[in-house]
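Raw target-v6.cif, mmCIF, C-alpha atoms:
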data_upload
#
loop_
_atom_site.label_atom_id
_atom_site.label_comp_id
_atom_site.auth_asym_id
_atom_site.auth_seq_id
_atom_site.Cartn_x
_atom_site.Cartn_y
_atom_site.Cartn_z
CA MET A 20 106.03 113.08 114.91
CA GLY A 21 107.74 110.48 117.02
CA TRP A 22 108.88 107.91 114.52
CA SER A 23 112.20 107.65 112.80
CA THR A 24 112.47 108.17 109.08
CA LEU A 25 114.87 107.17 106.38
CA ASN A 26 117.12 109.92 105.20
CA SER A 27 117.79 109.13 101.60
CA ASN A 28 120.25 111.96 101.05
CA THR A 29 122.91 111.06 103.57
CA ASN A 30 123.94 107.68 102.22
CA LEU A 31 123.87 106.83 98.57
CA GLU A 32 125.44 103.41 98.99
CA LEU A 33 123.16 100.40 98.84
CA ASN A 34 122.73 98.96 102.30
CA ARG A 35 122.72 95.25 103.01
CA GLU A 36 119.06 95.72 104.01
CA ASP A 37 118.29 97.17 100.58
CA VAL A 38 119.22 94.02 98.73
CA ILE A 39 118.34 91.24 101.18
CA PRO A 40 114.60 90.78 101.65
CA SER A 41 113.51 90.80 105.26
CA ARG A 42 110.36 91.33 107.28
CA HIS A 43 112.15 94.30 108.84
CA SER A 44 112.02 96.20 105.56
CA ASN A 45 108.39 97.26 105.98
CA PRO A 46 106.94 98.19 109.40
CA PHE A 47 103.39 97.67 108.11
CA ALA A 48 103.85 94.03 107.04
CA THR A 49 101.26 91.61 108.39
CA CYS A 50 103.79 90.03 110.73
CA TRP A 51 103.95 93.32 112.68
CA THR A 52 100.31 94.36 112.47
CA ARG A 53 98.33 91.14 112.85
CA PRO A 54 96.42 90.45 116.07
CA GLY A 55 98.88 89.31 118.70
CA ALA A 56 101.86 91.03 117.12
CA LEU A 57 100.66 94.54 117.86
CA PRO A 58 99.29 95.05 121.37
CA PHE A 59 95.91 96.70 121.72
CA LEU A 60 96.20 100.29 122.89
CA PHE A 61 93.52 100.97 125.48
CA ALA A 62 91.91 104.35 125.92
CA GLU A 63 92.94 106.22 129.03
CA GLY A 64 91.51 104.70 132.21
CA LEU A 65 90.76 101.37 130.60
CA THR A 66 92.90 98.26 130.98
CA ALA A 67 92.72 94.61 130.05
CA GLU A 68 92.13 93.77 133.71
CA LEU A 69 89.19 96.17 133.85
CA LEU A 70 87.71 94.56 130.76
CA ILE A 71 87.96 91.12 132.37
CA ALA A 72 86.36 92.52 135.53
CA ARG A 73 83.45 93.79 133.42
CA LEU A 74 83.14 90.36 131.82
CA ALA A 75 83.12 88.66 135.22
CA ALA A 76 80.50 91.12 136.50
CA ASN A 77 78.26 90.08 133.60
CA ARG A 78 78.52 86.40 134.52
CA TRP A 79 81.31 85.97 131.92
CA ARG A 80 79.07 86.91 129.03
CA GLY A 81 79.83 89.89 126.83
CA GLN A 82 80.36 91.40 123.40
CA ILE A 83 83.00 93.66 121.88
CA ILE A 84 81.52 95.75 119.11
CA GLY A 85 83.17 97.68 116.31
CA PRO A 86 83.39 98.07 112.53
CA HIS A 87 85.73 96.18 110.17
CA GLY A 88 89.43 96.47 110.97
CA CYS A 89 89.01 98.48 114.15
CA GLY A 90 90.99 96.10 116.40
CA LYS A 91 88.49 93.59 117.80
CA SER A 92 90.72 90.59 117.07
CA THR A 93 93.75 92.46 118.35
CA LEU A 94 91.90 93.15 121.60
CA LEU A 95 90.97 89.47 121.90
CA ALA A 96 94.60 88.47 121.39
CA THR A 97 95.70 90.98 124.02
CA ILE A 98 93.30 89.75 126.69
CA ALA A 99 93.73 86.05 125.84
CA PRO A 100 96.31 85.43 128.62
CA LEU A 101 93.93 86.94 131.19
CA LEU A 102 91.06 84.82 129.91
CA ARG A 103 93.21 81.71 130.32
CA ALA A 104 94.19 82.85 133.81
CA ALA A 105 90.52 83.11 134.78
CA LYS A 106 90.59 79.29 134.98
CA ARG A 107 87.08 78.77 133.79
CA ARG A 108 85.66 77.79 130.46
CA ILE A 109 84.97 80.80 128.28
CA ASP A 110 83.94 80.30 124.67
CA VAL A 111 85.34 83.06 122.47
CA VAL A 112 83.83 83.70 119.04
CA ASP A 113 85.51 86.28 116.82
CA GLY A 114 82.86 87.42 114.34
CA PHE A 115 79.70 86.15 116.03
CA GLU A 116 77.34 87.49 113.37
CA GLU A 117 79.10 85.39 110.74
CA LEU A 118 77.54 82.31 112.35
CA SER A 119 74.12 81.27 111.14
CA ARG A 120 71.17 82.18 113.31
CA TRP A 121 70.85 78.53 114.38
CA ARG A 122 74.56 78.32 115.31
CA ARG A 123 74.33 81.52 117.34
CA TRP A 124 71.28 80.21 119.20
CA SER A 125 72.97 76.86 119.71
CA LYS A 126 76.16 78.48 121.03
CA ARG A 127 74.28 80.57 123.60
CA LEU A 128 72.27 77.58 124.71
CA THR A 129 75.35 75.36 125.03
CA CYS A 130 77.17 77.97 127.07
CA ARG A 131 74.21 78.35 129.38
CA TRP A 132 73.81 74.58 129.70
CA TRP A 133 77.48 74.06 130.61
CA ASN A 134 77.63 77.23 132.65
CA SER A 135 80.54 78.47 130.56
CA GLY A 136 81.30 82.05 129.64
CA LEU A 137 80.73 83.53 126.19
CA LEU A 138 82.75 86.39 124.78
CA VAL A 139 82.09 87.47 121.21
CA THR A 140 83.07 90.19 118.76
CA ALA A 141 80.60 91.61 116.29
CA HIS A 142 80.03 94.60 114.06
CA ARG A 143 76.79 95.43 115.84
CA SER A 144 75.04 94.30 119.00
CA VAL A 145 74.07 90.64 119.18
CA GLY A 146 72.22 90.99 122.44
CA LEU A 147 75.01 90.27 124.93
CA PRO A 148 76.24 92.81 127.50
CA THR A 149 78.55 95.31 125.74
CA LEU A 150 82.02 95.32 127.27
CA MET A 151 83.57 97.72 124.84
CA GLU A 152 82.64 99.57 121.68
CA LEU A 153 85.63 100.34 119.47
CA SER A 154 85.93 103.39 117.25
CA PRO A 155 89.62 104.17 116.64
CA ASP A 156 90.49 107.74 115.70
CA GLN A 157 93.41 109.43 113.98
CA GLU A 158 95.29 109.91 117.21
CA LEU A 159 95.23 106.18 117.88
CA VAL A 160 96.52 105.49 114.35
CA ARG A 161 99.37 107.91 114.98
CA ARG A 162 100.27 106.14 118.20
CA LEU A 163 100.19 102.74 116.48
CA VAL A 164 102.33 103.94 113.58
CA SER A 165 104.77 105.47 116.00
CA GLN A 166 105.03 102.14 117.81
CA LEU A 167 105.49 100.18 114.57
CA CYS A 168 108.20 102.54 113.35
CA GLU A 169 110.28 102.24 116.50
CA ARG A 170 111.70 99.04 115.05
CA THR A 171 111.82 99.89 111.36
CA ALA A 172 112.25 103.32 109.89
CA THR A 173 109.90 104.64 107.25
CA GLY A 174 110.03 107.44 104.73
CA LEU A 175 106.36 108.19 105.29
CA SER A 176 105.51 111.60 106.62
CA ALA A 177 102.99 112.45 109.31
CA ALA A 178 100.82 113.94 106.56
CA ASP A 179 100.90 110.61 104.67
CA VAL A 180 99.70 108.78 107.79
CA ASP A 181 96.97 111.31 108.56
CA ALA A 182 95.72 111.30 104.97
CA SER A 183 95.52 107.52 104.90
CA SER A 184 93.81 107.43 108.27
CA ALA A 185 91.27 110.03 107.12
CA ARG A 186 90.52 107.99 103.99
CA HIS A 187 89.84 104.78 105.91
CA GLY A 188 88.26 106.16 109.08
CA SER A 189 88.04 103.56 111.82
CA ASN A 190 89.32 100.76 109.55
CA VAL A 191 92.88 100.65 110.87
CA ARG A 192 93.60 97.44 108.98
CA GLU A 193 92.97 99.16 105.64
CA THR A 194 95.08 102.11 106.76
CA PHE A 195 97.97 99.74 107.46
CA PHE A 196 97.52 98.10 104.05
CA GLU A 197 97.74 101.47 102.36
CA LEU A 198 100.74 102.55 104.42
CA TYR A 199 102.43 99.26 103.53
CA ASP A 200 102.02 100.03 99.81
CA ARG A 201 103.17 103.60 100.21
CA HIS A 202 106.23 102.51 102.19
CA GLU A 203 107.13 100.00 99.46
CA GLN A 204 106.86 102.70 96.79
CA LEU A 205 109.11 105.08 98.69
CA ALA A 206 111.67 102.45 99.65
CA ARG A 207 111.96 101.13 96.09
CA ALA A 208 112.18 104.60 94.60
CA ARG A 209 114.95 105.37 97.07
CA VAL A 210 116.89 102.21 96.17
CA ASN A 211 116.45 102.96 92.45
CA ARG A 212 117.83 106.43 92.94
CA ARG A 213 120.82 105.11 94.84
CA ARG A 214 121.50 102.60 92.09
CA GLN A 215 121.35 105.28 89.42
CA ARG A 216 123.65 107.61 91.34
CA ALA A 217 126.04 104.81 92.17
CA MET B 22 115.75 93.25 132.73
CA SER B 23 118.97 92.85 130.76
CA THR B 24 119.33 90.46 127.89
CA PRO B 25 122.48 88.79 126.66
CA SER B 26 124.51 90.49 123.97
CA VAL B 27 124.53 87.96 121.16
CA ARG B 28 126.91 87.84 118.23
CA LEU B 29 125.54 85.87 115.30
CA THR B 30 127.60 86.09 112.13
CA LEU B 31 127.76 84.46 108.72
CA ASP B 32 131.13 83.71 107.21
CA GLU B 33 130.01 85.11 103.86
CA ALA B 34 129.96 88.83 104.62
CA SER B 35 127.88 89.80 101.59
CA GLY B 36 125.05 87.57 102.75
CA HIS B 37 124.55 86.26 99.19
CA TYR B 38 124.36 82.51 98.66
CA GLN B 39 123.50 80.26 95.76
CA PRO B 40 121.35 77.11 95.98
CA GLY B 41 123.45 74.14 97.04
CA GLN B 42 126.10 76.39 98.57
CA ARG B 43 127.36 75.68 102.05
CA LEU B 44 126.33 78.29 104.61
CA THR B 45 128.59 78.57 107.64
CA GLY B 46 128.72 80.89 110.59
CA ARG B 47 129.04 81.12 114.31
CA PHE B 48 127.37 82.56 117.36
CA MET B 49 128.37 83.45 120.87
CA VAL B 50 127.25 85.49 123.86
CA ASP B 51 129.45 88.30 125.13
CA GLY B 52 130.25 88.59 128.81
CA SER B 53 132.85 87.93 131.46
CA LYS B 54 130.70 85.31 133.18
CA PRO B 55 128.35 82.79 131.61
CA TRP B 56 124.75 83.85 131.08
CA ALA B 57 122.13 81.55 132.53
CA VAL B 58 120.61 80.23 129.33
CA ARG B 59 118.32 77.21 129.44
CA ALA B 60 118.55 76.44 125.76
CA SER B 61 119.69 77.84 122.46
CA GLU B 62 117.94 77.10 119.20
CA LEU B 63 119.58 77.94 115.92
CA SER B 64 117.45 77.78 112.78
CA VAL B 65 118.22 78.38 109.14
CA MET B 66 114.82 79.11 107.72
CA TRP B 67 112.72 80.97 105.19
CA TYR B 68 109.49 82.83 105.75
CA THR B 69 107.17 85.00 103.77
CA ALA B 70 106.43 88.58 104.75
CA GLY B 71 104.10 91.12 103.24
CA GLN B 72 100.42 91.87 103.16
CA GLY B 73 98.81 88.47 103.29
CA GLU B 74 99.01 85.06 104.90
CA GLU B 75 102.38 84.08 106.27
CA ASP B 76 104.30 80.88 105.70
CA PHE B 77 107.63 79.53 106.84
CA SER B 78 109.80 76.45 106.84
CA VAL B 79 112.86 75.50 108.84
CA HIS B 80 115.70 74.07 106.76
CA TYR B 81 118.23 73.44 109.54
CA PHE B 82 117.73 73.30 113.29
CA ASP B 83 120.15 72.79 116.16
CA ARG B 84 119.17 72.90 119.82
CA LEU B 85 121.59 73.03 122.72
CA VAL B 86 120.26 72.50 126.23
CA ASP B 87 121.70 73.43 129.60
CA GLU B 88 122.00 70.17 131.54
CA PRO B 89 123.29 69.24 135.01
CA GLY B 90 126.96 68.44 134.65
CA LEU B 91 127.03 69.95 131.18
CA PRO B 92 126.36 73.67 131.59
CA LEU B 93 125.65 75.68 128.46
CA ASP B 94 128.36 78.30 128.26
CA LEU B 95 127.70 80.31 125.14
CA ARG B 96 130.74 82.51 125.62
CA VAL B 97 132.49 79.79 123.67
CA PRO B 98 131.81 80.40 119.96
CA ARG B 99 129.64 77.71 118.37
CA ARG B 100 129.91 77.03 114.69
CA PHE B 101 127.11 75.91 112.43
CA ALA B 102 126.99 74.74 108.84
CA THR B 103 124.39 73.57 106.39
CA VAL B 104 124.04 73.09 102.66
CA LEU B 105 121.33 75.39 101.34
CA PRO B 106 118.46 73.88 99.35
CA GLN B 107 117.56 74.55 95.71
CA SER B 108 114.50 76.59 96.63
CA PRO B 109 112.71 78.81 97.46
CA TRP B 110 114.87 81.66 96.24
CA SER B 111 114.78 84.96 98.04
CA TYR B 112 112.32 87.33 96.46
CA ASP B 113 111.70 90.99 97.16
CA GLY B 114 108.21 91.58 95.83
CA ARG B 115 105.87 94.41 96.68
CA ILE B 116 103.07 92.24 98.01
CA VAL B 117 105.07 89.31 99.25
CA LYS B 118 108.72 88.73 100.08
CA VAL B 119 110.44 85.40 100.51
CA CYS B 120 113.05 85.94 103.19
CA TRP B 121 115.84 83.67 104.37
CA CYS B 122 117.51 84.12 107.72
CA VAL B 123 119.55 82.50 110.45
CA ARG B 124 117.64 82.87 113.69
CA LEU B 125 118.99 82.26 117.17
CA ARG B 126 116.56 81.94 120.04
CA LEU B 127 117.91 81.85 123.60
CA THR B 128 115.55 80.64 126.31
CA LEU B 129 116.31 82.48 129.52
CA PRO B 130 115.44 81.21 133.02
CA GLN B 131 112.75 83.87 133.59
CA GLY B 132 110.82 82.46 130.67
CA ASN B 133 111.82 85.29 128.36
CA ASP B 134 113.32 84.68 124.98
CA SER B 135 116.10 86.52 123.25
CA LEU B 136 115.83 86.50 119.48
CA THR B 137 118.62 87.40 117.07
CA GLU B 138 118.22 87.25 113.33
CA VAL B 139 120.63 87.61 110.42
CA PRO B 140 118.98 87.76 107.00
CA PHE B 141 120.72 86.43 103.91
CA ARG B 142 119.85 86.06 100.26
CA LEU B 143 119.45 82.77 98.45
CA GLY B 144 119.65 82.85 94.65
CA SER B 145 119.63 85.89 92.46
CA VAL B 146 116.09 86.90 91.62
CA PRO B 147 116.23 90.68 91.13
CA ALA B 148 114.05 92.83 93.35
CA VAL B 149 110.87 94.22 91.86
CA GLU B 150 111.60 97.81 90.95
CA GLU B 151 109.21 100.67 91.40
CA SER B 152 107.63 101.57 88.07
CA GLN B 153 108.69 104.79 86.36
CA GLY B 154 106.75 107.85 87.34
CA ARG B 155 106.23 106.90 90.95
CA GLU B 156 108.71 109.13 92.60
CA GLU B 157 109.40 109.74 96.22
CA SER B 158 107.76 112.94 97.35
CA PRO B 159 110.31 115.52 98.56
CA GLU B 160 108.41 116.17 101.79
CA SER B 161 108.62 112.51 102.71
CA GLU B 162 112.38 112.71 102.94
CA THR B 163 112.50 115.54 105.36
CA GLN B 164 109.90 114.63 107.93
CA GLY B 165 111.27 113.69 111.31
#
Output the file's structure as structure tokens, nothing else.
Amino acid sequence: MGWSTLNSNTNLELNREDVIPSRHSNPFATCWTRPGALPFLFAEGLTAELLIARLAANRWRGQIIGPHGCGKSTLLATIAPLLRAAKRRIDVVDGFEELSRWRRWSKRLTCRWWNSGLLVTAHRSVGLPTLMELSPDQELVRRLVSQLCERTATGLSAADVDASSARHGSNVRETFFELYDRHEQLARARVNRRRQRA
Amino acid sequence: MSTPSVRLTLDEASGHYQPGQRLTGRFMVDGSKPWAVRASELSVMWYTAGQGEEDFSVHYFDRLVDEPGLPLDLRVPRRFATVLPQSPWSYDGRIVKVCWCVRLRLTLPQGNDSLTEVPFRLGSVPAVEESQGREESPESETQG
């Protein structure tokens, strides 16, 4: 596994990091995993530019579909600079099906009236051209964890990550929540042990 | 692209401060010739980190700008000082942490930013300890 881990046996002294709270103490904190903080990892052969090209080919109308926590908002955050660079009005709605039926109808009509684009995310099809359907797998979770742990070490094992990923399936957000808790448990147990031995 | 090597230090080596205490430190950029830096922003701030919504507040802020006739040469050490407030105290919880830090942001000409952060502790709220019985699994220590 490609991420660094804490070695609790080599140093029994309390580090400065052990006693001063910091966002760097847990690689799965929201500040590292929220949309915009963690870049979307595209499947091989797919890029943000290609996604924008697909959107343009569909007269700037499209939907990104996927279950809870699979990375739809992260994808939107990743392509946001390219959408701005397109220099045309594109309405973006994250969670289109959460709007009432009337609001959805009104939004489509308004976009058509003003000739503006419409890009939405949803859990299932809402009748717009599908640009991408997300279904993250265990390999993707491994890659994301590896990326997160480049900055902050963790005591979690590859088996811990795989087990959590298997429990939550395509819901990467829930996987990160669980890994956050597990990391906290391990880190605190390690600090307690150091205190006792000191 | 290379980034400047920044030295940001607090005078209190332990990094522990009490409310109302004066925090002092200094920062500088290493190098034999001055780095082209458009601005430096030094903040003494707190933020929350954890599993939920995030919050932050800046307690002290100092911005230095590179101006014609007054170039910003950060090879010269710059000192900073502020009196820390009464709250919020640092807190190391499992779900949320209240973190204090000194943060230095350098704006470089290419539009990139260089960010350096030194955390410190305000007050003396003990960290939440892991409850008895939840032990670190042996295999977790040896994975690499």
Evaluate the PyMOL selection byres ((chain A) within 6 of (chain B)) and report residues as a list in words: Asn26, Ile39, Pro40, Ser41, Arg42, Ala48, Thr49, Gly174, Leu175, Ser176, Leu205, Arg207 and Ala208 of chain A
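Taking CA of Pro109 in chain B and CA of Pro40 in chain B as endpoints, the distance between them is 8.9 Å.
Each of A:Ala105, A:Val139, A:Val112, A:Val164 was checked against Leu60 in chain A using only C-alpha atoms; the smallest atom-to-atom distance is that of A:Val164.
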Atom pair CA of Leu44 in chain B / CA of Ala102 in chain B: separation (Å): 5.6 Å
Between CA of Arg120 in chain A and CA of Leu137 in chain A, distance in Å (one decimal):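 Taking CA of Arg120 in chain A and CA of Leu137 in chain A, their separation equals 16.1 Å.
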May I have the residues within 9 Å of Arg59 in chain B as an mmCIF file with C-alpha atoms, in the frame of the given file, using only C-alpha atoms and disregarding those fewer than 6 positions away in the same chain?
data_model
loop_
_atom_site.group_PDB
_atom_site.id
_atom_site.type_symbol
_atom_site.label_atom_id
_atom_site.label_comp_id
_atom_site.auth_asym_id
_atom_site.auth_seq_id
_atom_site.Cartn_x
_atom_site.Cartn_y
_atom_site.Cartn_z
ATOM 1 C CA LEU B 85 121.590 73.030 122.720
ATOM 2 C CA VAL B 86 120.260 72.500 126.230
ATOM 3 C CA ASP B 87 121.700 73.430 129.600
ATOM 4 C CA GLU B 88 122.000 70.170 131.540
ATOM 5 C CA LEU B 93 125.650 75.680 128.460
ATOM 6 C CA LEU B 127 117.910 81.850 123.600
ATOM 7 C CA THR B 128 115.550 80.640 126.310
ATOM 8 C CA LEU B 129 116.310 82.480 129.520
ATOM 9 C CA PRO B 130 115.440 81.210 133.020
#
Nearest to Gly114 in chain A, chosen from A:Phe196, A:Leu138, A:Asn45, A:Gln215, with all atoms listed in the file counted in the distances: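 Smallest separation from Gly114 in chain A among the options: A:Leu138.
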Distance criterion (only C-alpha atoms): nearest to Leu128 in chain A out of A:Val160, A:Gly55, A:Arg143, A:Asp110: A:Asp110
Give me the residues near Gly136 in chain A as a short mmCIF file (atom, residue, chain, number, x, y, z; two decimals) with C-alpha atoms, in the frame of the given file, where near means some atom within 10 Å (using only C-alpha atoms) and where sequence neighbours in that chain fewer than 3 positions away do not count.
data_model
loop_
_atom_site.label_atom_id
_atom_site.label_comp_id
_atom_site.auth_asym_id
_atom_site.auth_seq_id
_atom_site.Cartn_x
_atom_site.Cartn_y
_atom_site.Cartn_z
CA LEU A 74 83.14 90.36 131.82
CA ALA A 75 83.12 88.66 135.22
CA ASN A 77 78.26 90.08 133.60
CA ARG A 78 78.52 86.40 134.52
CA TRP A 79 81.31 85.97 131.92
CA ARG A 80 79.07 86.91 129.03
CA GLY A 81 79.83 89.89 126.83
CA ARG A 107 87.08 78.77 133.79
CA ARG A 108 85.66 77.79 130.46
CA ILE A 109 84.97 80.80 128.28
CA ASP A 110 83.94 80.30 124.67
CA VAL A 111 85.34 83.06 122.47
CA ARG A 127 74.28 80.57 123.60
CA CYS A 130 77.17 77.97 127.07
CA ARG A 131 74.21 78.35 129.38
CA TRP A 133 77.48 74.06 130.61
#
Within 6 Å of Glu152 in chain A using all atoms listed in the file, minus same-chain residues under 6 positions, as a VMD selection string: chain A and resid 83 to 85
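Between Pro55 in chain B and the candidates B:Ser108, B:Ser78, B:Ser26, B:Thr103, the tightest atom-to-atom separation, counting all atoms listed in the file, involves B:Ser26.
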Minimum-distance residue to Gly132 in chain B, chosen among B:Met49, B:Gln107, B:Val58, B:Pro25 (using all atoms listed in the file): B:Val58
Residue among A:Ser125, A:Ser154, A:Thr66, A:Gln82 lying closest to Thr140 in chain A, counting only C-alpha atoms: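 Between A:Ser125, A:Ser154, A:Thr66, A:Gln82, the residue approaching Thr140 in chain A most closely is A:Gln82.
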Mind filling out range 92-104 of chain B with N, CA, C and O atoms and sending it as a short mmCIF file (atom, residue, chain, number, x, y, z; two decimals), in the frame of the given file?
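Contents of the output file out.cif:
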data_model
loop_
_atom_site.label_atom_id
_atom_site.label_comp_id
_atom_site.auth_asym_id
_atom_site.auth_seq_id
_atom_site.Cartn_x
_atom_site.Cartn_y
_atom_site.Cartn_z
N PRO B 92 126.94 72.33 131.69
CA PRO B 92 126.36 73.67 131.59
C PRO B 92 126.57 74.28 130.20
O PRO B 92 127.58 73.99 129.53
N LEU B 93 125.60 75.06 129.79
CA LEU B 93 125.65 75.68 128.46
C LEU B 93 126.34 77.03 128.56
O LEU B 93 125.75 78.02 128.99
N ASP B 94 127.59 77.06 128.22
CA ASP B 94 128.36 78.30 128.26
C ASP B 94 128.51 78.83 126.84
O ASP B 94 129.34 78.34 126.07
N LEU B 95 127.70 79.82 126.51
CA LEU B 95 127.70 80.31 125.14
C LEU B 95 128.75 81.39 124.89
O LEU B 95 128.76 82.00 123.83
N ARG B 96 129.61 81.61 125.88
CA ARG B 96 130.74 82.51 125.62
C ARG B 96 131.72 81.85 124.66
O ARG B 96 132.51 82.52 124.00
N VAL B 97 131.65 80.52 124.62
CA VAL B 97 132.49 79.79 123.67
C VAL B 97 131.79 79.82 122.30
O VAL B 97 130.63 79.43 122.20
N PRO B 98 132.46 80.32 121.27
CA PRO B 98 131.81 80.40 119.96
C PRO B 98 131.37 79.02 119.46
O PRO B 98 132.12 78.05 119.58
N ARG B 99 130.16 78.96 118.95
CA ARG B 99 129.64 77.71 118.37
C ARG B 99 129.51 77.90 116.87
O ARG B 99 128.93 78.88 116.42
N ARG B 100 130.00 76.94 116.14
CA ARG B 100 129.91 77.03 114.69
C ARG B 100 128.71 76.24 114.19
O ARG B 100 128.27 75.28 114.83
N PHE B 101 128.18 76.66 113.06
CA PHE B 101 127.11 75.91 112.43
C PHE B 101 127.36 75.89 110.92
O PHE B 101 128.05 76.76 110.37
N ALA B 102 126.81 74.88 110.28
CA ALA B 102 126.99 74.74 108.84
C ALA B 102 125.84 73.94 108.26
O ALA B 102 125.33 73.02 108.90
N THR B 103 125.43 74.33 107.08
CA THR B 103 124.39 73.57 106.39
C THR B 103 124.51 73.85 104.89
O THR B 103 125.00 74.91 104.48
N VAL B 104 124.07 72.89 104.11
CA VAL B 104 124.04 73.09 102.66
C VAL B 104 122.65 73.62 102.31
O VAL B 104 121.63 73.00 102.67
#
